[in-house]
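J.: Below is one structure. I have some questions about it.
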Amino acid sequence: PVLRIVYPYNPLKRELVQIDVRILPHTLLLRMGWQLLGSLFLIFLLAVCLLLQIKTILKQRRIDELRKSFVNTMIHELKRPVQALKMCVAFLNDKNMRTDEQGMDEVVHDSMSELDNLSAYLRKLRDMTRADDEQTHLSVSTFDLKPVVEKLVRLQHAPEGKHVTFTTRFTDHLLVTADPVHISNIVSNLIENAVKYSGASVHITVDCALHDHRLTIKVADDGIGIPASEQLRVFDKFYRSSNLPDKALPGIGLGLSYVKLLVEAHRGTVSLTSRVDKGTTIEISIPQ
């Protein structure tokens, strides 16, 4: 770079003085160093602000989509038990039908089942909402895990037309220290998911072990599995996999997020391994 100065001292004779001054770039940059650094910092700051703004907009958009999806799903899920209970009440209101003892037993059974589903949805919503504001409360005690799991397996309801079999494995000593209600909810949710997200027949294995002051619970099935692209998202609130055998399957996408909440309240970890059409294994690890 050269700075050229031209001064015509005698224009009539076309006489002038021309001075060429060489400018050293590094000298110029050194003199402008602080200004350049300040400009680069401002550019970097603006870029970061722009990225954060884009991230916030995308997050707000996802939250809005989740909100709409959650509202629609909740309307659908709550509408089903309410309609079933309405039908049961209509049946009980008919004096002629009340004389059918077998029908009465079926209506009462269906009513209790739908009330249990409704209570489970509301309980999960309550616990997930409470978790946003405060730490999950634990009522820790020492208890034998084996009869708890055996009872859950024994009372597990299989949908009509579906064949469900279980295999349970336990170590010799299973006296654990945890919240028995929450542990029961964890295992119940995992078994319920294994039954729900499978074909006409499913085999479920529940493995409970206590080694080195650590409780490990594994629930494995040979159901439909979860695609690798979705395995990191299944623990998010209100997320439901796209790999469903029936899109009308009941659920609000709170099962695994609820399990993760309860496990982390026990300072534990939860992991998942799954292959499409091969099955899913979820492992719970809780320190003792």
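Each chain in the structure tokens gets a letter, A, B, ..., in the order shown, and its residues are numbered from 1; ligands are numbered from 1 in order too.
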Kindly provide the residues of region 202-223 of chain A that approach region 186-191 of chain A to within 10 Å, each paired with its closest atom pair and their distance in Å to one decimal, based on only C-alpha atoms, listed by chain and increasing number, as a tab-separated table.

T.:
residue	atom	partner	partner_atom	distance
A:Ile204	CA	A:Ile191	CA	7.7
A:Thr205	CA	A:Ile191	CA	9.2
A:Val206	CA	A:Ile191	CA	8.5
A:Ile217	CA	A:Val187	CA	8.2
A:Lys218	CA	A:Val187	CA	9.1
A:Val219	CA	A:Leu190	CA	6.7
A:Ala220	CA	A:Ile191	CA	8.8
A:Asp221	CA	A:Ile191	CA	8.9

J.: In region 128-180 of chain A, what's alpha helix (DSSP H) per DSSP? Answer as a list in words?

T.: Met128, Thr129, Arg130, Ala131, Asp132, Asp133, Leu145, Lys146, Pro147, Val148, Val149, Glu150, Lys151, Leu152, Val153, Arg154, Leu155 and Pro180 of chain A

J.: Can you write just those residues out, all heavy atoms, as a compact mmCIF listing (two decimals), in the first residue's frame?

T.:
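Wrote out13.txt, looks like this:
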# COMPACT_ATOMS: atom_id res chain seq x y z
N MET A 128 -45.13 -35.09 38.05
CA MET A 128 -44.28 -34.38 37.09
C MET A 128 -44.37 -32.88 37.29
O MET A 128 -43.39 -32.16 37.18
CB MET A 128 -44.69 -34.75 35.66
CG MET A 128 -44.47 -36.21 35.30
SD MET A 128 -42.76 -36.74 35.44
CE MET A 128 -42.03 -35.81 34.11
N THR A 129 -45.57 -32.37 37.60
CA THR A 129 -45.74 -30.94 37.85
C THR A 129 -45.03 -30.53 39.13
O THR A 129 -44.36 -29.49 39.19
CB THR A 129 -47.23 -30.59 37.96
OG1 THR A 129 -47.89 -31.01 36.77
CG2 THR A 129 -47.41 -29.09 38.12
N ARG A 130 -45.13 -31.36 40.15
CA ARG A 130 -44.46 -31.06 41.41
C ARG A 130 -42.95 -31.07 41.25
O ARG A 130 -42.24 -30.30 41.88
CB ARG A 130 -44.89 -32.08 42.46
CG ARG A 130 -44.31 -31.81 43.85
CD ARG A 130 -44.74 -32.90 44.81
NE ARG A 130 -46.19 -32.94 44.96
CZ ARG A 130 -46.82 -33.92 45.60
NH1 ARG A 130 -46.14 -34.92 46.12
NH2 ARG A 130 -48.14 -33.88 45.71
N ALA A 131 -42.46 -31.92 40.36
CA ALA A 131 -41.01 -32.02 40.16
C ALA A 131 -40.44 -30.76 39.54
O ALA A 131 -39.25 -30.47 39.69
CB ALA A 131 -40.69 -33.22 39.27
N ASP A 132 -41.25 -29.97 38.82
CA ASP A 132 -40.77 -28.73 38.23
C ASP A 132 -40.55 -27.66 39.29
O ASP A 132 -39.81 -26.70 39.07
CB ASP A 132 -41.77 -28.20 37.19
CG ASP A 132 -41.83 -29.11 35.97
OD1 ASP A 132 -40.82 -29.81 35.72
OD2 ASP A 132 -42.87 -29.12 35.29
N ASP A 133 -41.19 -27.79 40.43
CA ASP A 133 -41.13 -26.75 41.45
C ASP A 133 -40.33 -27.15 42.68
O ASP A 133 -39.75 -26.32 43.35
CB ASP A 133 -42.55 -26.36 41.90
CG ASP A 133 -43.40 -25.89 40.72
OD1 ASP A 133 -42.84 -25.21 39.85
OD2 ASP A 133 -44.60 -26.20 40.69
N LEU A 145 -37.79 -56.50 48.40
CA LEU A 145 -38.28 -56.15 47.07
C LEU A 145 -38.97 -57.31 46.36
O LEU A 145 -39.87 -57.10 45.55
CB LEU A 145 -37.11 -55.64 46.21
CG LEU A 145 -37.44 -55.20 44.79
CD1 LEU A 145 -38.40 -54.03 44.79
CD2 LEU A 145 -36.16 -54.85 44.03
N LYS A 146 -38.59 -58.54 46.68
CA LYS A 146 -39.11 -59.70 45.95
C LYS A 146 -40.63 -59.81 45.99
O LYS A 146 -41.27 -59.92 44.93
CB LYS A 146 -38.46 -60.98 46.49
CG LYS A 146 -38.89 -62.23 45.72
CD LYS A 146 -38.18 -63.47 46.25
CE LYS A 146 -38.64 -64.72 45.50
NZ LYS A 146 -37.96 -65.94 45.99
N PRO A 147 -41.28 -59.78 47.17
CA PRO A 147 -42.75 -59.87 47.17
C PRO A 147 -43.43 -58.70 46.48
O PRO A 147 -44.51 -58.84 45.91
CB PRO A 147 -43.10 -59.93 48.66
CG PRO A 147 -41.93 -59.38 49.37
CD PRO A 147 -40.73 -59.74 48.54
N VAL A 148 -42.80 -57.52 46.48
CA VAL A 148 -43.37 -56.35 45.81
C VAL A 148 -43.44 -56.59 44.30
O VAL A 148 -44.48 -56.38 43.66
CB VAL A 148 -42.55 -55.08 46.12
CG1 VAL A 148 -43.05 -53.90 45.29
CG2 VAL A 148 -42.61 -54.75 47.60
N VAL A 149 -42.32 -57.07 43.73
CA VAL A 149 -42.27 -57.32 42.29
C VAL A 149 -43.19 -58.48 41.92
O VAL A 149 -43.91 -58.43 40.91
CB VAL A 149 -40.82 -57.60 41.85
CG1 VAL A 149 -40.78 -58.01 40.38
CG2 VAL A 149 -39.96 -56.37 42.08
N GLU A 150 -43.19 -59.53 42.73
CA GLU A 150 -44.06 -60.68 42.44
C GLU A 150 -45.53 -60.28 42.44
O GLU A 150 -46.32 -60.76 41.62
CB GLU A 150 -43.81 -61.79 43.46
CG GLU A 150 -42.47 -62.49 43.28
CD GLU A 150 -42.22 -63.55 44.34
OE1 GLU A 150 -42.86 -63.45 45.42
OE2 GLU A 150 -41.42 -64.46 44.09
N LYS A 151 -45.91 -59.39 43.35
CA LYS A 151 -47.29 -58.94 43.39
C LYS A 151 -47.64 -58.12 42.15
O LYS A 151 -48.72 -58.28 41.57
CB LYS A 151 -47.52 -58.09 44.65
CG LYS A 151 -48.94 -57.58 44.78
CD LYS A 151 -49.11 -56.75 46.05
CE LYS A 151 -50.52 -56.18 46.15
NZ LYS A 151 -50.69 -55.34 47.37
N LEU A 152 -46.71 -57.26 41.71
CA LEU A 152 -46.95 -56.45 40.51
C LEU A 152 -47.11 -57.35 39.29
O LEU A 152 -47.98 -57.10 38.43
CB LEU A 152 -45.80 -55.47 40.30
CG LEU A 152 -45.67 -54.33 41.31
CD1 LEU A 152 -44.40 -53.55 41.08
CD2 LEU A 152 -46.88 -53.40 41.23
N VAL A 153 -46.29 -58.38 39.18
CA VAL A 153 -46.39 -59.31 38.05
C VAL A 153 -47.71 -60.08 38.12
O VAL A 153 -48.40 -60.27 37.11
CB VAL A 153 -45.19 -60.28 38.06
CG1 VAL A 153 -45.39 -61.39 37.03
CG2 VAL A 153 -43.90 -59.52 37.77
N ARG A 154 -48.08 -60.49 39.31
CA ARG A 154 -49.31 -61.29 39.48
C ARG A 154 -50.55 -60.46 39.15
O ARG A 154 -51.52 -60.99 38.56
CB ARG A 154 -49.38 -61.80 40.91
CG ARG A 154 -50.54 -62.75 41.16
CD ARG A 154 -50.48 -63.37 42.54
NE ARG A 154 -50.62 -62.38 43.61
CZ ARG A 154 -49.62 -61.98 44.38
NH1 ARG A 154 -48.39 -62.46 44.20
NH2 ARG A 154 -49.81 -61.08 45.33
N LEU A 155 -50.55 -59.19 39.51
CA LEU A 155 -51.73 -58.35 39.30
C LEU A 155 -51.73 -57.62 37.96
O LEU A 155 -52.67 -56.87 37.67
CB LEU A 155 -51.83 -57.31 40.44
CG LEU A 155 -52.02 -57.86 41.85
CD1 LEU A 155 -52.10 -56.74 42.86
CD2 LEU A 155 -53.28 -58.72 41.92
N PRO A 180 -40.72 -47.48 49.01
CA PRO A 180 -41.40 -48.65 48.44
C PRO A 180 -42.49 -48.29 47.43
O PRO A 180 -42.69 -48.99 46.45
CB PRO A 180 -41.99 -49.36 49.66
CG PRO A 180 -42.01 -48.33 50.75
CD PRO A 180 -40.87 -47.41 50.48

J.: Could you pull out all residues of region 97-257 of chain A with a DSSP call of strand (DSSP E or B) and give them as a ChimeraX atom specification?

T.: /A:141-144,163-170,175-178,201-211,214-221

J.: Which residue gives the smallest distance to Thr269 (chain A) among A:Arg214, A:Arg169, A:Lys86, A:His26, with only C-alpha atoms counted?

T.: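 Ranked by minimum distance to Thr269 (chain A), first place goes to A:Arg214.
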
J.: Counting only C-alpha atoms, which of A:Thr99, A:Leu52, A:Pro1, A:Pro8 gets nearest to Leu28 (chain A)?

T.: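 Going through A:Thr99, A:Leu52, A:Pro1, A:Pro8 one by one, the smallest distance to Leu28 (chain A) is for A:Pro1.
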
J.: For region 131-232 of chain A against region 270-274 of chain A, with a cut-off of 8 Å and counting only C-alpha atoms, what is the closest atom pair and its distance in Å to one decimal for every residue that makes the cut, ordered by chain and number, as a Markdown table?

T.:
| residue | atom | partner | partner_atom | distance |
| --- | --- | --- | --- | --- |
| A:Gly225 | CA | A:Ser274 | CA | 5.5 |
| A:Ile226 | CA | A:Ser274 | CA | 5.7 |
| A:Pro227 | CA | A:Ser274 | CA | 7.5 |
| A:Ala228 | CA | A:Ser274 | CA | 7.6 |
| A:Gln231 | CA | A:Leu272 | CA | 7.5 |

J.: Find, counting only C-alpha atoms, the residue in A:Arg14, A:His266, A:Lys278, A:His163 that gets nearest to Val195 (chain A).

T.: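 Selected residue with least distance to Val195 (chain A): A:His163.
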
J.: In Å, rounded to a single decimal, give me how far CA of Lys237 (chain A) is from CA of Ile63 (chain A).

T.: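 For CA of Ile63 (chain A) relative to CA of Lys237 (chain A), the distance reads 10.7 Å.
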
J.: Point out the residue among A:Leu78, A:Val48, A:Leu254, A:Ala265 with the least atom-to-atom distance to Val140 (chain A), counting only C-alpha atoms.

T.: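 Smallest separation from Val140 (chain A) among the options: A:Ala265.
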